[in-house]
Amino acid sequence: AIQHSLVSVPFLAGSQCEYLPIVATFIAGYAVIVLEEQTGISKAATALVLGVLLWALVGTGIDLENFNAAVEGTLEDVAEVVFFLLAALSIVEIMDAYKGFDIITKAIQAKTQKELMVVIGILTFLLSSVLNNLTVVIVMVSLLQKLVKDDDFRLKLGGLVVVASNAGGAWTPIGDITTTMLYIGGQVTTVPLLANLFLPSILCLVGAVGYEYLQTADEPFSDTAEST
C-alpha cells in the first residue's frame, strides 16, 4: 500500500496519516494550477490529471470501508450545493437569454471612468448578495466587455468586480458557495451572519473601490468606450 502512518503530520493524526500522499498530491497539483501563467500548463489539464492521480491513490491502501462512509457524507453535502447552484444558474441564464440584464446596462449613466468604477462596484456588491458571486462575476464581466473598450481600464474593473462580488457574497447565506455550504450544514444562521459580516463586507468594498478610485484618472467614460 502507498499510504502509511510513518510520517508525522500536524493536521493528520493517527490513522489519518494514510491520507498523506493524497494531501501532498493535491497541494502539488493545486500549486501547478495557481502557477498556470508561469508554467504554461493548462489548469484544465492539470485538474484532470490531478483527479486521476487522487483516485488512483485512493485505491492503493486506504481503508475503503471508512473511506466510502466519508465519501457518502461528503457527496450528500456537495449534492445539496450543486442542485442549489444549478437552479440559481438556470434562473440567471433565462434572464440573460431574454435580455434581462440589458436593463442594468441601460441604467448605467456614468460619464467618467471614476463614476463607472463606483457604479460597477456597488452594483456587483448588491447583485452578489442575492445571486451566487461566481455567476455575478460572469455576468458583470460580460457586461464590461460590451461597455468598456479600453483594455487596461476593463482589466482594472474586472479585478474590482472579483473583489466586490466576494465581499457582497460573504454576508448572505446564498451569495457565496462556501457560505451556502455552511448554511446548509447548520454551521451558520441568517441573522447572525448578516449582523457579523455586513460591516466587514462594506469596508472591503469601500477599501477596494476607494483605492482604485484614487489611482484612476478622471477621464470621460464616453471617450474610453470609443477608444480601441
# chains A, B, ... in the order shown; residues from 1 in each chain; ligands from 1
>>> closest_atom_pairs(of="region 86-187 of chain A", to="region 193-200 of chain A", cutoff="9 Å", atoms="only C-alpha atoms", output="CSV")
residue,atom,partner,partner_atom,distance
A:Ala167,CA,A:Pro200,CA,8.3
A:Gly168,CA,A:Phe198,CA,8.4
A:Ala170,CA,A:Leu197,CA,7.1
A:Trp171,CA,A:Leu197,CA,4.9
A:Thr172,CA,A:Leu194,CA,6.2
A:Pro173,CA,A:Leu193,CA,7.6
>>> select_by_dssp(residues="region 90-130 of chain A", states="helix (DSSP H, G or I)", output="PyMOL selection string")
chain A and resi 90-97+102-107+113-130
>>> write_last_selection(atoms="N, CA, C and O atoms", output="compact mmCIF listing (two decimals), in the first residue's frame")
# COMPACT_ATOMS: atom_id res chain seq x y z
N SER A 90 -29.57 28.49 -13.64
CA SER A 90 -30.63 28.36 -14.64
C SER A 90 -31.45 29.65 -14.71
O SER A 90 -31.79 30.13 -15.80
N ILE A 91 -31.77 30.20 -13.54
CA ILE A 91 -32.53 31.45 -13.50
C ILE A 91 -31.75 32.58 -14.17
O ILE A 91 -32.29 33.36 -14.96
N VAL A 92 -30.45 32.65 -13.87
CA VAL A 92 -29.62 33.70 -14.46
C VAL A 92 -29.53 33.53 -15.97
O VAL A 92 -29.61 34.51 -16.73
N GLU A 93 -29.37 32.28 -16.45
CA GLU A 93 -29.29 32.04 -17.89
C GLU A 93 -30.58 32.42 -18.59
O GLU A 93 -30.57 32.96 -19.70
N ILE A 94 -31.71 32.14 -17.95
CA ILE A 94 -33.01 32.52 -18.53
C ILE A 94 -33.12 34.03 -18.63
O ILE A 94 -33.57 34.58 -19.65
N MET A 95 -32.70 34.74 -17.56
CA MET A 95 -32.73 36.19 -17.57
C MET A 95 -31.84 36.74 -18.68
O MET A 95 -32.21 37.68 -19.39
N ASP A 96 -30.67 36.14 -18.85
CA ASP A 96 -29.75 36.61 -19.88
C ASP A 96 -30.28 36.32 -21.27
O ASP A 96 -30.13 37.13 -22.19
N ALA A 97 -30.91 35.16 -21.44
CA ALA A 97 -31.46 34.80 -22.75
C ALA A 97 -32.56 35.76 -23.19
O ALA A 97 -32.71 36.04 -24.38
N ASP A 102 -30.03 43.63 -19.87
CA ASP A 102 -29.93 44.86 -20.64
C ASP A 102 -30.47 46.04 -19.86
O ASP A 102 -30.07 47.19 -20.08
N ILE A 103 -31.39 45.76 -18.93
CA ILE A 103 -31.92 46.83 -18.09
C ILE A 103 -30.81 47.45 -17.27
O ILE A 103 -30.74 48.67 -17.09
N ILE A 104 -29.91 46.59 -16.76
CA ILE A 104 -28.79 47.08 -15.97
C ILE A 104 -27.85 47.91 -16.84
O ILE A 104 -27.39 48.98 -16.44
N THR A 105 -27.58 47.42 -18.04
CA THR A 105 -26.67 48.14 -18.94
C THR A 105 -27.21 49.51 -19.28
O THR A 105 -26.48 50.51 -19.26
N LYS A 106 -28.50 49.59 -19.57
CA LYS A 106 -29.09 50.88 -19.92
C LYS A 106 -29.18 51.82 -18.73
O LYS A 106 -29.21 53.05 -18.89
N ALA A 107 -29.24 51.24 -17.52
CA ALA A 107 -29.36 52.07 -16.32
C ALA A 107 -28.05 52.73 -15.92
O ALA A 107 -28.04 53.68 -15.14
N GLN A 113 -14.73 57.74 -15.92
CA GLN A 113 -14.22 56.44 -15.50
C GLN A 113 -14.44 56.22 -14.00
O GLN A 113 -14.78 55.12 -13.58
N LYS A 114 -14.23 57.26 -13.21
CA LYS A 114 -14.40 57.12 -11.77
C LYS A 114 -15.85 56.83 -11.40
O LYS A 114 -16.13 56.00 -10.52
N GLU A 115 -16.77 57.51 -12.07
CA GLU A 115 -18.19 57.25 -11.81
C GLU A 115 -18.57 55.82 -12.18
O GLU A 115 -19.29 55.14 -11.44
N LEU A 116 -18.06 55.36 -13.32
CA LEU A 116 -18.35 53.99 -13.75
C LEU A 116 -17.79 52.99 -12.75
O LEU A 116 -18.43 51.98 -12.44
N MET A 117 -16.60 53.26 -12.23
CA MET A 117 -15.97 52.36 -11.26
C MET A 117 -16.82 52.22 -10.00
O MET A 117 -17.03 51.12 -9.49
N VAL A 118 -17.33 53.33 -9.50
CA VAL A 118 -18.17 53.31 -8.30
C VAL A 118 -19.48 52.55 -8.58
O VAL A 118 -19.92 51.73 -7.78
N VAL A 119 -20.07 52.82 -9.73
CA VAL A 119 -21.34 52.17 -10.08
C VAL A 119 -21.15 50.66 -10.22
O VAL A 119 -21.96 49.88 -9.70
N ILE A 120 -20.09 50.26 -10.91
CA ILE A 120 -19.83 48.83 -11.11
C ILE A 120 -19.57 48.14 -9.78
O ILE A 120 -20.06 47.03 -9.51
N GLY A 121 -18.80 48.78 -8.90
CA GLY A 121 -18.51 48.19 -7.59
C GLY A 121 -19.75 47.98 -6.76
O GLY A 121 -19.98 46.90 -6.20
N ILE A 122 -20.59 49.02 -6.67
CA ILE A 122 -21.82 48.93 -5.86
C ILE A 122 -22.79 47.93 -6.48
O ILE A 122 -23.41 47.11 -5.77
N LEU A 123 -22.94 47.98 -7.78
CA LEU A 123 -23.86 47.08 -8.47
C LEU A 123 -23.45 45.62 -8.28
O LEU A 123 -24.28 44.75 -8.00
N THR A 124 -22.17 45.35 -8.43
CA THR A 124 -21.66 43.98 -8.24
C THR A 124 -21.88 43.52 -6.80
O THR A 124 -22.27 42.38 -6.55
N PHE A 125 -21.61 44.39 -5.85
CA PHE A 125 -21.79 44.08 -4.44
C PHE A 125 -23.25 43.70 -4.14
O PHE A 125 -23.51 42.69 -3.46
N LEU A 126 -24.18 44.48 -4.66
CA LEU A 126 -25.60 44.22 -4.39
C LEU A 126 -26.08 42.95 -5.09
O LEU A 126 -26.82 42.15 -4.50
N LEU A 127 -25.67 42.75 -6.34
CA LEU A 127 -26.11 41.56 -7.07
C LEU A 127 -25.56 40.28 -6.43
O LEU A 127 -26.28 39.28 -6.34
N SER A 128 -24.33 40.31 -5.99
CA SER A 128 -23.72 39.10 -5.42
C SER A 128 -24.30 38.75 -4.07
O SER A 128 -24.11 37.64 -3.59
N SER A 129 -25.02 39.67 -3.44
CA SER A 129 -25.65 39.36 -2.16
C SER A 129 -26.94 38.55 -2.34
O SER A 129 -27.41 37.90 -1.41
N VAL A 130 -27.49 38.59 -3.55
CA VAL A 130 -28.74 37.85 -3.80
C VAL A 130 -28.55 36.75 -4.85
O VAL A 130 -29.45 35.92 -5.04
>>> closest_residue(among="A:Leu48, A:Leu131, A:Ala164, A:Val82", to="Ala208 (chain A)", atoms="only C-alpha atoms")
A:Ala164
>>> residues_around(residues="Leu53 (chain A)", least_positions_apart="3", cutoff="12 Å", atoms="only C-alpha atoms", output="list of chain:residue names")
A:Pro21, A:Ile22, A:Val23, A:Ala24, A:Thr25, A:Phe26, A:Ala28, A:Gly29, A:Thr46, A:Ala47, A:Leu48, A:Val49, A:Leu50, A:Ala56, A:Leu57, A:Val58, A:Gly59, A:Thr60
>>> write_last_selection(atoms="C-alpha atoms", output="PDB file, in the first residue's frame")
ATOM      1  CA  PRO A  21       0.121  11.026  -0.239  1.00  0.00           C
ATOM      2  CA  ILE A  22      -3.309  12.292  -1.295  1.00  0.00           C
ATOM      3  CA  VAL A  23      -2.852  15.573   0.553  1.00  0.00           C
ATOM      4  CA  ALA A  24       0.663  16.037  -0.873  1.00  0.00           C
ATOM      5  CA  THR A  25      -0.527  15.283  -4.410  1.00  0.00           C
ATOM      6  CA  PHE A  26      -3.429  17.702  -4.077  1.00  0.00           C
ATOM      7  CA  ALA A  28       1.318  19.912  -5.655  1.00  0.00           C
ATOM      8  CA  GLY A  29      -1.433  19.845  -8.279  1.00  0.00           C
ATOM      9  CA  THR A  46      -3.717  19.764 -14.558  1.00  0.00           C
ATOM     10  CA  ALA A  47      -7.079  19.330 -12.857  1.00  0.00           C
ATOM     11  CA  LEU A  48      -7.869  16.242 -14.948  1.00  0.00           C
ATOM     12  CA  VAL A  49      -4.502  14.629 -14.219  1.00  0.00           C
ATOM     13  CA  LEU A  50      -4.808  15.560 -10.554  1.00  0.00           C
ATOM     14  CA  ALA A  56      -5.515   6.114  -8.135  1.00  0.00           C
ATOM     15  CA  LEU A  57      -4.085   6.795  -4.677  1.00  0.00           C
ATOM     16  CA  VAL A  58      -7.471   6.133  -3.105  1.00  0.00           C
ATOM     17  CA  GLY A  59      -7.415   2.570  -4.368  1.00  0.00           C
ATOM     18  CA  THR A  60      -3.906   1.728  -3.152  1.00  0.00           C
TER      19      THR A  60
END
>>> residues_around(residues="Asn166 (chain A)", least_positions_apart="6", cutoff="9 Å", atoms="only C-alpha atoms", output="count of residues only")
7
>>> atom_distance(atom1="CA of Cys204 (chain A)", atom2="CA of Gly159 (chain A)")
13.4 Å
>>> atom_distance(atom1="CA of Pro220 (chain A)", atom2="CA of Ala110 (chain A)")
8.9 Å
>>> decode(residues="region 49-98 of chain A", atoms="C-alpha atoms", output="mmCIF file, in the first residue's frame")
data_model
loop_
_atom_site.group_PDB
_atom_site.id
_atom_site.type_symbol
_atom_site.label_atom_id
_atom_site.label_comp_id
_atom_site.auth_asym_id
_atom_site.auth_seq_id
_atom_site.Cartn_x
_atom_site.Cartn_y
_atom_site.Cartn_z
ATOM 1 C CA VAL A 49 -4.502 14.629 -14.219
ATOM 2 C CA LEU A 50 -4.808 15.560 -10.554
ATOM 3 C CA GLY A 51 -8.212 13.908 -10.325
ATOM 4 C CA VAL A 52 -6.921 10.707 -11.900
ATOM 5 C CA LEU A 53 -3.926 10.591 -9.558
ATOM 6 C CA LEU A 54 -6.033 11.198 -6.468
ATOM 7 C CA TRP A 55 -8.451 8.410 -7.324
ATOM 8 C CA ALA A 56 -5.515 6.114 -8.135
ATOM 9 C CA LEU A 57 -4.085 6.795 -4.677
ATOM 10 C CA VAL A 58 -7.471 6.133 -3.105
ATOM 11 C CA GLY A 59 -7.415 2.570 -4.368
ATOM 12 C CA THR A 60 -3.906 1.728 -3.152
ATOM 13 C CA GLY A 61 -4.208 1.252 0.559
ATOM 14 C CA ILE A 62 -6.925 3.316 2.229
ATOM 15 C CA ASP A 63 -9.465 1.566 4.411
ATOM 16 C CA LEU A 64 -12.224 1.547 1.810
ATOM 17 C CA GLU A 65 -14.988 0.958 4.335
ATOM 18 C CA ASN A 66 -14.208 4.147 6.236
ATOM 19 C CA PHE A 67 -13.450 5.962 3.009
ATOM 20 C CA ASN A 68 -16.807 5.021 1.486
ATOM 21 C CA ALA A 69 -18.620 6.304 4.550
ATOM 22 C CA ALA A 70 -16.733 9.597 4.362
ATOM 23 C CA VAL A 71 -17.379 9.949 0.622
ATOM 24 C CA GLU A 72 -21.106 9.279 1.034
ATOM 25 C CA GLY A 73 -21.386 12.019 3.626
ATOM 26 C CA THR A 74 -19.368 14.451 1.522
ATOM 27 C CA LEU A 75 -21.300 13.707 -1.658
ATOM 28 C CA GLU A 76 -24.557 14.353 0.166
ATOM 29 C CA ASP A 77 -23.360 17.812 1.221
ATOM 30 C CA VAL A 78 -21.901 18.604 -2.187
ATOM 31 C CA ALA A 79 -25.048 17.452 -3.989
ATOM 32 C CA GLU A 80 -27.161 19.892 -1.989
ATOM 33 C CA VAL A 81 -24.939 22.767 -3.044
ATOM 34 C CA VAL A 82 -24.745 21.619 -6.677
ATOM 35 C CA PHE A 83 -28.534 21.400 -7.041
ATOM 36 C CA PHE A 84 -28.869 24.839 -5.460
ATOM 37 C CA LEU A 85 -26.321 26.301 -7.892
ATOM 38 C CA LEU A 86 -27.958 24.597 -10.875
ATOM 39 C CA ALA A 87 -31.245 26.283 -10.014
ATOM 40 C CA ALA A 88 -29.591 29.668 -9.463
ATOM 41 C CA LEU A 89 -27.552 29.470 -12.672
ATOM 42 C CA SER A 90 -30.632 28.365 -14.644
ATOM 43 C CA ILE A 91 -32.531 31.452 -13.499
ATOM 44 C CA VAL A 92 -29.621 33.695 -14.459
ATOM 45 C CA GLU A 93 -29.285 32.043 -17.889
ATOM 46 C CA ILE A 94 -33.009 32.516 -18.531
ATOM 47 C CA MET A 95 -32.729 36.195 -17.573
ATOM 48 C CA ASP A 96 -29.746 36.605 -19.877
ATOM 49 C CA ALA A 97 -31.457 34.800 -22.750
ATOM 50 C CA TYR A 98 -34.422 37.190 -22.534
#
